[in-house]
Each structure stands twice: as structure tokens, then as C-alpha cells.
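Written out below as C-alpha cells is the structure these notes cover.
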Amino acid sequence: MKALTWQGRKNVRVEEVPDPTIQEPTDAVIRVTSTAICGSDLHLYDPLGPFLSKGDVLGHETMGVVEEVGPEVTHVKPGDRVVIPFNISCGHCWMCEHGLMSQCETTQVRSQGKGAALFGYTELYGSVPGGQAEYLRVPQAQFGPIPVPDGVPDERFLYLSDILPTAWQGVEYAEVPKGGSLAVFGLGPVGLLAVAIGVHRGLRVIGVDNVPERMAKAEAYGATVVSSDDDPVSEIIQLTAGRGVDGTLDAVGMEAHGSPVAEAAIKGVGFVPDVLAKPLMERAGIDRLAALRASIGAVRRGGTVSVSGVYGGMTDPMPMMEIFDKQLSLRFGQCNVKRWVDDIVPVVMEDGDPLGLESLATHRLPLDAAPDAYAMFRAKEDGCIKVVLKP
């Protein structure tokens with residue numbers, strides 16, 4: 001089959017790789033009908049390269065049609081349409097039973113000190129082949145796959161694999177009271193969906209970014225938009241009677257702009273041989289924290305900072321005095337996809353597509369175009385907000 005493989009820093013390639021097969025009684029194999037490029041895939045394209053090997057298959061936002069199932073998979077069968085959560089979880093361990101599927105004790109990558117295994121996401125999370133391919137082996141398929149009804153376009157359900165529940169959890173974690181205010185920092189796909197979810201819930205939403213097409217899309221969803229190139233914290237405080245918003249959501253993560261020293265350090269590690277770069281990142285890694293610092297600055301006293309953006313640093317300098325003085329709550333973490341599915345699906349199925357799922361993608365391309373699509377998405381060229389690949 002064809003699959004997108006990692007070959008090196010800023011170098012991905014579509015290659016022929018072996019077809020996946022059933023290896024465990026809880027496996028399934030699906031034929032991929034749609035797979036998306038996620039903002040966190042761009043971390044693999046550049047800063048997290050030391051944790052990848054040549055030939056690793058990328059991708060963790062995937063849906064398709066079941067081709068084959070193992071004997072312990074009973075809730076889906078060949079021919080069913082399914083969307084696949086990006087984290088691989090069993091559904092029956094202590095963590096899963098407590099709604100923490102991203103910490104699944106069955107698939108935890110203990111050798112790396114990490115939580116549940118992820119599709120297509122480095123040795124840190126199990127080196128499981130991803131879904132930017134024609135076919136995908138799905139471990140723990142007795143629990144993971146989410147059935148998709150017939151007659152509904154792929155893109156109404158595709159984002160249930162990651163970015164939609166990630167945005168949903170981010171808004172939940174912000175703990176904004178009914179009718180309250182939420183500021184979303186970063187208007188990429190997760191941030192835009194968080195804006196849509198907040199507006200759908202009747203919240204006052206302020207979106208922060210500096211990319212015109214993203215800002216325009218957030219405005220179309222009903223958000224007030226503030227430029228990150230100015231002084232977004234001061235502007236948000238002015239917009240909220242000098243108090244700050246009830247909750248903030250950092251949907252940016254480790255590649256935030258506005259942190260030039262950290263940016264230089266991160267880029268420097270990218271040119272160090274992997275044998276040296278890996279321990280540097282594991283023990284002394286730093287992130288660009290501009291978005292997180294702004295999220296802390298813009299929230300009111302006693303408010304909550306929710307973080308959906310991916311961070312990887314181990315020695316990040318945090319504004320501890322401000323966090324303590326403002327009596328803030330901070331909520332971080334990978335999304336627990338299956339925890340939110342039953343809440344999300346009724347909204348997904350509402351008439352009129354209120355979250356704008358079918359119109360989120362700006363580019364729909366064949367799998368063979370994936371290398372150029374990665375470069376375009378990374379550079380934010382051609383108005384690119386979201387790419388969906390069709391194998």
C-alpha cells in the first residue's frame with residue numbers, strides 16, 4: 001500500500017509499505033477514506049524529529065471502512081464506516097474507566113514514561129504506524145473505533161479522531177460559567193473549533209491570532225478577534241471591564257511565536273545529531289511560551305487556563321508568581337477522545353452543521369500530494385487552515 005513516511009527533518013515521502021494485517025484478536029484493519037494533517041503533525045515535521053525513524057508512517061486523524069476484524073472485536077464489522085481516535089485505549093483499565101483514555105494503562109508507553117500509545121507519533125508514544133495511508137491496522141479495536149452513520153459526509157465525522165474532541169475538552173477544561181467569556185489563543189483548526197463550540201454554548205468568545213484568513217473564519221463563527229501582533233492581553237482586559245476573561249484556552253503549544261530566545265534554542269537542537277538531541281530534549285527541552293504566558297495574563301483572577309496545545313519541554317520557565325497571585329487553575333493534557341463522543345455526536349448531527357465541520361478544510365488533496373501539503377501547511381501558504389487527504 002501507499003503511505004506517507006518520515007524521512008528526515010522537513011522531509012516526508014509517499015512510499016510503498018507492507019499492507020497491515022490482523023496481529024492480535026483485538027485488532028481491526030480499515031481502508032482509509034479520509035485522513036487529515038494535524039497541527040501536531042508539524043511538530044514531527046521539524047522539532048520532534050529525533051524521536052522518529054526513517055520510514056515511520058505518519059498520521060493520526062483517520063476514518064474509513066472496516067476491512068477485517070479480530071475475533072474479539074464485536075461492535076464493528078467489515079463494511080462499517082468508522083472514525084479512529086488518535087489515542088489507543090482499551091476501555092476497561094482503571095484510567096479508561098475514569099475517563100482518562102489518554103492515560104490508558106494497557107497501552108501506556110512505560111519505557112518512555114508516557115501515557116497511552118498514539119497513532120503515527122514517534123517512539124515516545126509507541127511508534128505505532130499512522131493513518132496517512134491507504135490502510136490502517138487499529139489495535140484495541142474492541143473499544144476504539146467510532147461507528148459513522150451512512151449518508152453523512154466524511155468530514156462531518158473525520159475530526160472526531162482528534163481536533164474536535166480536543167477542542168471540546170479544551171473548552172470543558174476552561175470551566176467558563178454559563179454566559180461567561182472565553183479567550184482562545186491560536187486560531188488553527190483546534191482553536192477555530194473551540195471558538196465554534198464556545199459560541200454554540202452561548203459564551204462570549206475572543207479569538208487571538210495574526211493570520212488574516214484564520215481571524216476572518218473566527219469572526220464568521222461569531223468571535224471578537226484580537227491580533228497577537230499587538231498587545232492581546234491588554235486588549236482582552238479592556239474588553240472585559242478590566243477584569244479579564246473567565247477562562248482562556250491555549251491552542252498553540254510549543255511552536256508559539258513571540259519567544260525568540262526559545263525559538264533559537266529549539267532550532268539549534270534540530271541540527272544536533274539525534275543521539276545527542278534526544279537526551280537534550282528529554283532533560284533540558286524548552287518551549288516557546290508566548291501563548292501560554294498570554295493565556296495566564298488574560299484570564300481573570302480565580303479563572304482557569306486550559307491548554308490543548310502540545311508542549312514538550314522539561315525546563316520551561318513558568319510565571320509562578322503570577323499563577324499563584326491570581327489564584328489560577330491550570331488544566332493540561334492529551335484529549336480523552338472517547339470520554340466526549342456521546343456529548344459531541346448530537347451536535348455533529350444537528351442540521352446546518354453548527355460547528356462548521358464540513359467547511360473547515362481549505363484543501364482536499366490526494367495522498368500523493370501530502371509532502372507538498374505538509375510544506376504548505378507549515379508555511380501557512382495559500383490560505384491553508386486544514387488539509388484532508390484522500391488515499
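Following the order of the C-alpha cells, chains are lettered A, B, ..., residues in each are numbered from 1, and ligands are numbered from 1.
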
Using only C-alpha atoms, which protein or nucleic acid residues come within 9 Å of region 331-334 of chain A? Drop anything in the same chain fewer than 2 positions from it, and give the result as a PyMOL selection string.
chain A and resi 87+102-103+115+166+170+173-174+304-310+329+336-337

Region 112-191 of chain A near region 349-369 of chain A within 8 Å: what's each residue's closest atom pair and its distance in Å to one decimal, counting only C-alpha atoms, ordered by chain then ascending residue number, as a tab-separated table?
residue	atom	partner	partner_atom	distance
A:Gln132	CA	A:Leu367	CA	7.4
A:Ala133	CA	A:Leu367	CA	7.4
A:Pro153	CA	A:Glu358	CA	7.8
A:Glu155	CA	A:Glu358	CA	5.3
A:Arg156	CA	A:Leu357	CA	5.5
A:Tyr159	CA	A:Leu357	CA	7.7
A:Pro189	CA	A:Leu360	CA	7.5

Write a file of the just-selected residues containing N, CA and C atoms, as a short mmCIF file (atom, residue, chain, number, x, y, z; two decimals), in the first residue's frame.
data_model
loop_
_atom_site.label_atom_id
_atom_site.label_comp_id
_atom_site.auth_asym_id
_atom_site.auth_seq_id
_atom_site.Cartn_x
_atom_site.Cartn_y
_atom_site.Cartn_z
N GLN A 132 -2.03 8.11 7.61
CA GLN A 132 -1.89 8.81 6.33
C GLN A 132 -1.41 7.77 5.32
N ALA A 133 -2.31 6.87 5.00
CA ALA A 133 -2.00 5.67 4.24
C ALA A 133 -3.29 5.13 3.64
N PRO A 153 -21.42 12.96 5.13
CA PRO A 153 -20.08 13.16 4.55
C PRO A 153 -18.97 12.85 5.54
N GLU A 155 -16.32 14.38 6.30
CA GLU A 155 -15.79 15.49 7.09
C GLU A 155 -16.71 15.93 8.23
N ARG A 156 -17.94 15.43 8.25
CA ARG A 156 -18.79 15.71 9.41
C ARG A 156 -18.30 14.90 10.62
N TYR A 159 -13.19 14.68 12.08
CA TYR A 159 -12.47 15.41 13.14
C TYR A 159 -12.76 14.86 14.54
N PRO A 189 -6.92 24.86 13.41
CA PRO A 189 -8.13 24.03 13.42
C PRO A 189 -8.71 23.79 14.82
#

Residue list (strand (DSSP E or B), DSSP) for region 31-104 of chain A, as an MDAnalysis selection string: chainID A and resid 31:37 57 61:69 81:84 87

Same residues, N, CA and C atoms, output as a PDB file, in the first residue's frame:
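Output contents, as saved in out-v5.pdb:
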ATOM      1  N   ARG A  31      -9.844   0.332   5.571  1.00  0.00           N
ATOM      2  CA  ARG A  31      -9.448   1.030   4.343  1.00  0.00           C
ATOM      3  C   ARG A  31      -9.719   2.514   4.565  1.00  0.00           C
ATOM      4  N   VAL A  32      -8.688   3.309   4.456  1.00  0.00           N
ATOM      5  CA  VAL A  32      -8.795   4.732   4.793  1.00  0.00           C
ATOM      6  C   VAL A  32      -9.506   5.472   3.662  1.00  0.00           C
ATOM      7  N   THR A  33     -10.552   6.225   4.030  1.00  0.00           N
ATOM      8  CA  THR A  33     -11.264   7.052   3.050  1.00  0.00           C
ATOM      9  C   THR A  33     -10.924   8.534   3.195  1.00  0.00           C
ATOM     10  N   SER A  34     -10.585   8.961   4.396  1.00  0.00           N
ATOM     11  CA  SER A  34     -10.154  10.349   4.637  1.00  0.00           C
ATOM     12  C   SER A  34      -9.158  10.353   5.789  1.00  0.00           C
ATOM     13  N   THR A  35      -8.132  11.169   5.664  1.00  0.00           N
ATOM     14  CA  THR A  35      -7.160  11.344   6.736  1.00  0.00           C
ATOM     15  C   THR A  35      -6.648  12.776   6.660  1.00  0.00           C
ATOM     16  N   ALA A  36      -6.457  13.397   7.796  1.00  0.00           N
ATOM     17  CA  ALA A  36      -6.117  14.818   7.818  1.00  0.00           C
ATOM     18  C   ALA A  36      -4.706  15.040   8.337  1.00  0.00           C
ATOM     19  N   ILE A  37      -4.149  16.186   7.981  1.00  0.00           N
ATOM     20  CA  ILE A  37      -2.881  16.626   8.560  1.00  0.00           C
ATOM     21  C   ILE A  37      -3.211  17.510   9.753  1.00  0.00           C
ATOM     22  N   VAL A  57       5.446   5.656   9.472  1.00  0.00           N
ATOM     23  CA  VAL A  57       4.220   6.115   8.812  1.00  0.00           C
ATOM     24  C   VAL A  57       3.512   7.108   9.722  1.00  0.00           C
ATOM     25  N   GLU A  61      -5.291  11.319  12.322  1.00  0.00           N
ATOM     26  CA  GLU A  61      -6.684  11.742  12.131  1.00  0.00           C
ATOM     27  C   GLU A  61      -7.238  10.963  10.945  1.00  0.00           C
ATOM     28  N   THR A  62      -7.924   9.878  11.249  1.00  0.00           N
ATOM     29  CA  THR A  62      -8.218   8.884  10.213  1.00  0.00           C
ATOM     30  C   THR A  62      -9.632   8.334  10.355  1.00  0.00           C
ATOM     31  N   MET A  63     -10.275   8.092   9.215  1.00  0.00           N
ATOM     32  CA  MET A  63     -11.523   7.343   9.193  1.00  0.00           C
ATOM     33  C   MET A  63     -11.563   6.491   7.929  1.00  0.00           C
ATOM     34  N   GLY A  64     -12.464   5.523   7.918  1.00  0.00           N
ATOM     35  CA  GLY A  64     -12.540   4.668   6.748  1.00  0.00           C
ATOM     36  C   GLY A  64     -13.576   3.579   6.912  1.00  0.00           C
ATOM     37  N   VAL A  65     -13.380   2.505   6.178  1.00  0.00           N
ATOM     38  CA  VAL A  65     -14.307   1.378   6.143  1.00  0.00           C
ATOM     39  C   VAL A  65     -13.588   0.144   6.670  1.00  0.00           C
ATOM     40  N   VAL A  66     -14.237  -0.566   7.587  1.00  0.00           N
ATOM     41  CA  VAL A  66     -13.643  -1.770   8.176  1.00  0.00           C
ATOM     42  C   VAL A  66     -13.491  -2.842   7.095  1.00  0.00           C
ATOM     43  N   GLU A  67     -12.258  -3.385   7.003  1.00  0.00           N
ATOM     44  CA  GLU A  67     -11.979  -4.470   6.063  1.00  0.00           C
ATOM     45  C   GLU A  67     -11.982  -5.826   6.749  1.00  0.00           C
ATOM     46  N   GLU A  68     -11.437  -5.854   7.975  1.00  0.00           N
ATOM     47  CA  GLU A  68     -11.264  -7.128   8.676  1.00  0.00           C
ATOM     48  C   GLU A  68     -11.211  -6.845  10.171  1.00  0.00           C
ATOM     49  N   VAL A  69     -11.703  -7.767  10.988  1.00  0.00           N
ATOM     50  CA  VAL A  69     -11.639  -7.616  12.444  1.00  0.00           C
ATOM     51  C   VAL A  69     -11.138  -8.899  13.074  1.00  0.00           C
ATOM     52  N   ARG A  81     -18.544   1.931   8.380  1.00  0.00           N
ATOM     53  CA  ARG A  81     -17.747   3.166   8.396  1.00  0.00           C
ATOM     54  C   ARG A  81     -17.383   3.486   9.838  1.00  0.00           C
ATOM     55  N   VAL A  82     -16.135   3.873  10.057  1.00  0.00           N
ATOM     56  CA  VAL A  82     -15.675   4.194  11.409  1.00  0.00           C
ATOM     57  C   VAL A  82     -14.696   5.353  11.361  1.00  0.00           C
ATOM     58  N   VAL A  83     -14.623   6.085  12.478  1.00  0.00           N
ATOM     59  CA  VAL A  83     -13.577   7.077  12.686  1.00  0.00           C
ATOM     60  C   VAL A  83     -12.736   6.564  13.850  1.00  0.00           C
ATOM     61  N   ILE A  84     -11.418   6.801  13.788  1.00  0.00           N
ATOM     62  CA  ILE A  84     -10.482   6.188  14.722  1.00  0.00           C
ATOM     63  C   ILE A  84      -9.884   7.246  15.653  1.00  0.00           C
ATOM     64  N   ASN A  87      -5.740   8.449  20.163  1.00  0.00           N
ATOM     65  CA  ASN A  87      -5.098   7.694  21.232  1.00  0.00           C
ATOM     66  C   ASN A  87      -5.665   6.274  21.256  1.00  0.00           C
TER      67      ASN A  87
END

Find the spatial neighbours of His75 (chain A), counting only C-alpha atoms, within a cut-off of 8 Å - ignore same-chain residues fewer than 2 positions away - and output them as a ChimeraX atom specification.
/A:73,77,142

re CA of Asp41 (chain A) and CA of Gly59 (chain A): distance 7.1 Å

**Report entry** Polymer residues at most 12 Å from Arg293 (chain A), only C-alpha atoms, same-chain spacing of 2 or more positions, as a PyMOL selection string
**Finding:** chain A and resi 185+232-233+248-250+252-253+256-259+287-291+295-299+305+307+316-320+322-323

CA of Val12 (chain A) to CA of Val29 (chain A): how many Å, to one decimal?
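Computing it gives 23.7 Å between the two atoms.
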
Write out as a short mmCIF file (atom, residue, chain, number, x, y, z; two decimals) with all heavy atoms, in the first residue's frame the residues lying within 8 Å of Asp246 (chain A), counting only C-alpha atoms and excluding same-chain residues fewer than 5 positions away.
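Result saved to selection_8.cif:
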data_model
loop_
_atom_site.label_atom_id
_atom_site.label_comp_id
_atom_site.auth_asym_id
_atom_site.auth_seq_id
_atom_site.Cartn_x
_atom_site.Cartn_y
_atom_site.Cartn_z
N GLU A 175 -13.62 25.74 32.09
CA GLU A 175 -14.59 25.92 33.18
C GLU A 175 -15.26 27.30 33.16
O GLU A 175 -15.40 27.97 34.19
CB GLU A 175 -13.92 25.68 34.53
CG GLU A 175 -13.40 24.25 34.69
CD GLU A 175 -12.75 24.00 36.03
OE1 GLU A 175 -12.19 24.94 36.62
OE2 GLU A 175 -12.79 22.84 36.49
N VAL A 176 -15.67 27.73 31.97
CA VAL A 176 -16.33 29.03 31.84
C VAL A 176 -17.79 28.89 32.29
O VAL A 176 -18.50 27.98 31.82
CB VAL A 176 -16.27 29.52 30.38
CG1 VAL A 176 -17.02 30.84 30.22
CG2 VAL A 176 -14.82 29.66 29.94
N PRO A 177 -18.26 29.74 33.18
CA PRO A 177 -19.66 29.64 33.62
C PRO A 177 -20.62 29.99 32.49
O PRO A 177 -20.24 30.62 31.50
CB PRO A 177 -19.73 30.66 34.75
CG PRO A 177 -18.65 31.63 34.48
CD PRO A 177 -17.55 30.85 33.84
N GLY A 180 -20.53 33.13 30.27
CA GLY A 180 -19.26 33.76 30.58
C GLY A 180 -18.42 34.01 29.33
O GLY A 180 -18.88 33.90 28.20
N SER A 181 -17.13 34.31 29.58
CA SER A 181 -16.24 34.71 28.49
C SER A 181 -15.05 33.78 28.39
O SER A 181 -14.50 33.30 29.39
CB SER A 181 -15.75 36.15 28.71
OG SER A 181 -15.16 36.29 29.99
N LEU A 182 -14.64 33.51 27.15
CA LEU A 182 -13.53 32.61 26.84
C LEU A 182 -12.64 33.25 25.80
O LEU A 182 -13.11 33.74 24.78
CB LEU A 182 -14.08 31.28 26.29
CG LEU A 182 -13.06 30.30 25.71
CD1 LEU A 182 -12.22 29.67 26.82
CD2 LEU A 182 -13.78 29.21 24.90
N VAL A 299 -6.50 35.93 31.68
CA VAL A 299 -7.59 35.35 32.47
C VAL A 299 -7.80 36.16 33.75
O VAL A 299 -6.85 36.73 34.30
CB VAL A 299 -7.29 33.87 32.78
CG1 VAL A 299 -6.21 33.71 33.85
CG2 VAL A 299 -8.56 33.12 33.17
N ARG A 300 -9.03 36.22 34.19
CA ARG A 300 -9.33 36.96 35.42
C ARG A 300 -8.77 36.23 36.63
O ARG A 300 -8.43 35.04 36.57
CB ARG A 300 -10.84 37.14 35.58
CG ARG A 300 -11.61 35.83 35.77
CD ARG A 300 -13.01 36.08 36.28
NE ARG A 300 -13.86 34.90 36.23
CZ ARG A 300 -13.83 33.90 37.11
NH1 ARG A 300 -12.96 33.92 38.12
NH2 ARG A 300 -14.66 32.87 36.99
N GLY A 303 -9.68 32.55 37.69
CA GLY A 303 -10.11 31.89 36.46
C GLY A 303 -9.31 30.63 36.17
O GLY A 303 -8.48 30.18 36.97
N THR A 304 -9.55 30.07 34.98
CA THR A 304 -8.92 28.81 34.60
C THR A 304 -8.23 28.95 33.26
O THR A 304 -8.79 29.51 32.31
CB THR A 304 -9.97 27.68 34.51
OG1 THR A 304 -10.60 27.53 35.79
CG2 THR A 304 -9.33 26.36 34.12
#

| Which of region 100-311 of chain A fall in helix (DSSP H, G or I), as a ChimeraX atom specification | /A:101-103,110-112,123-125,154-161,163-174,189-200,212-221,232-239,260-269,274-284,290-298

Skip Gln112 (chain A) itself and residues of its chain fewer than 3 positions away, then list as number ranges by chain all residues within 10 Å of it, counting only C-alpha atoms.
A: 108-109, 115, 123-126, 282
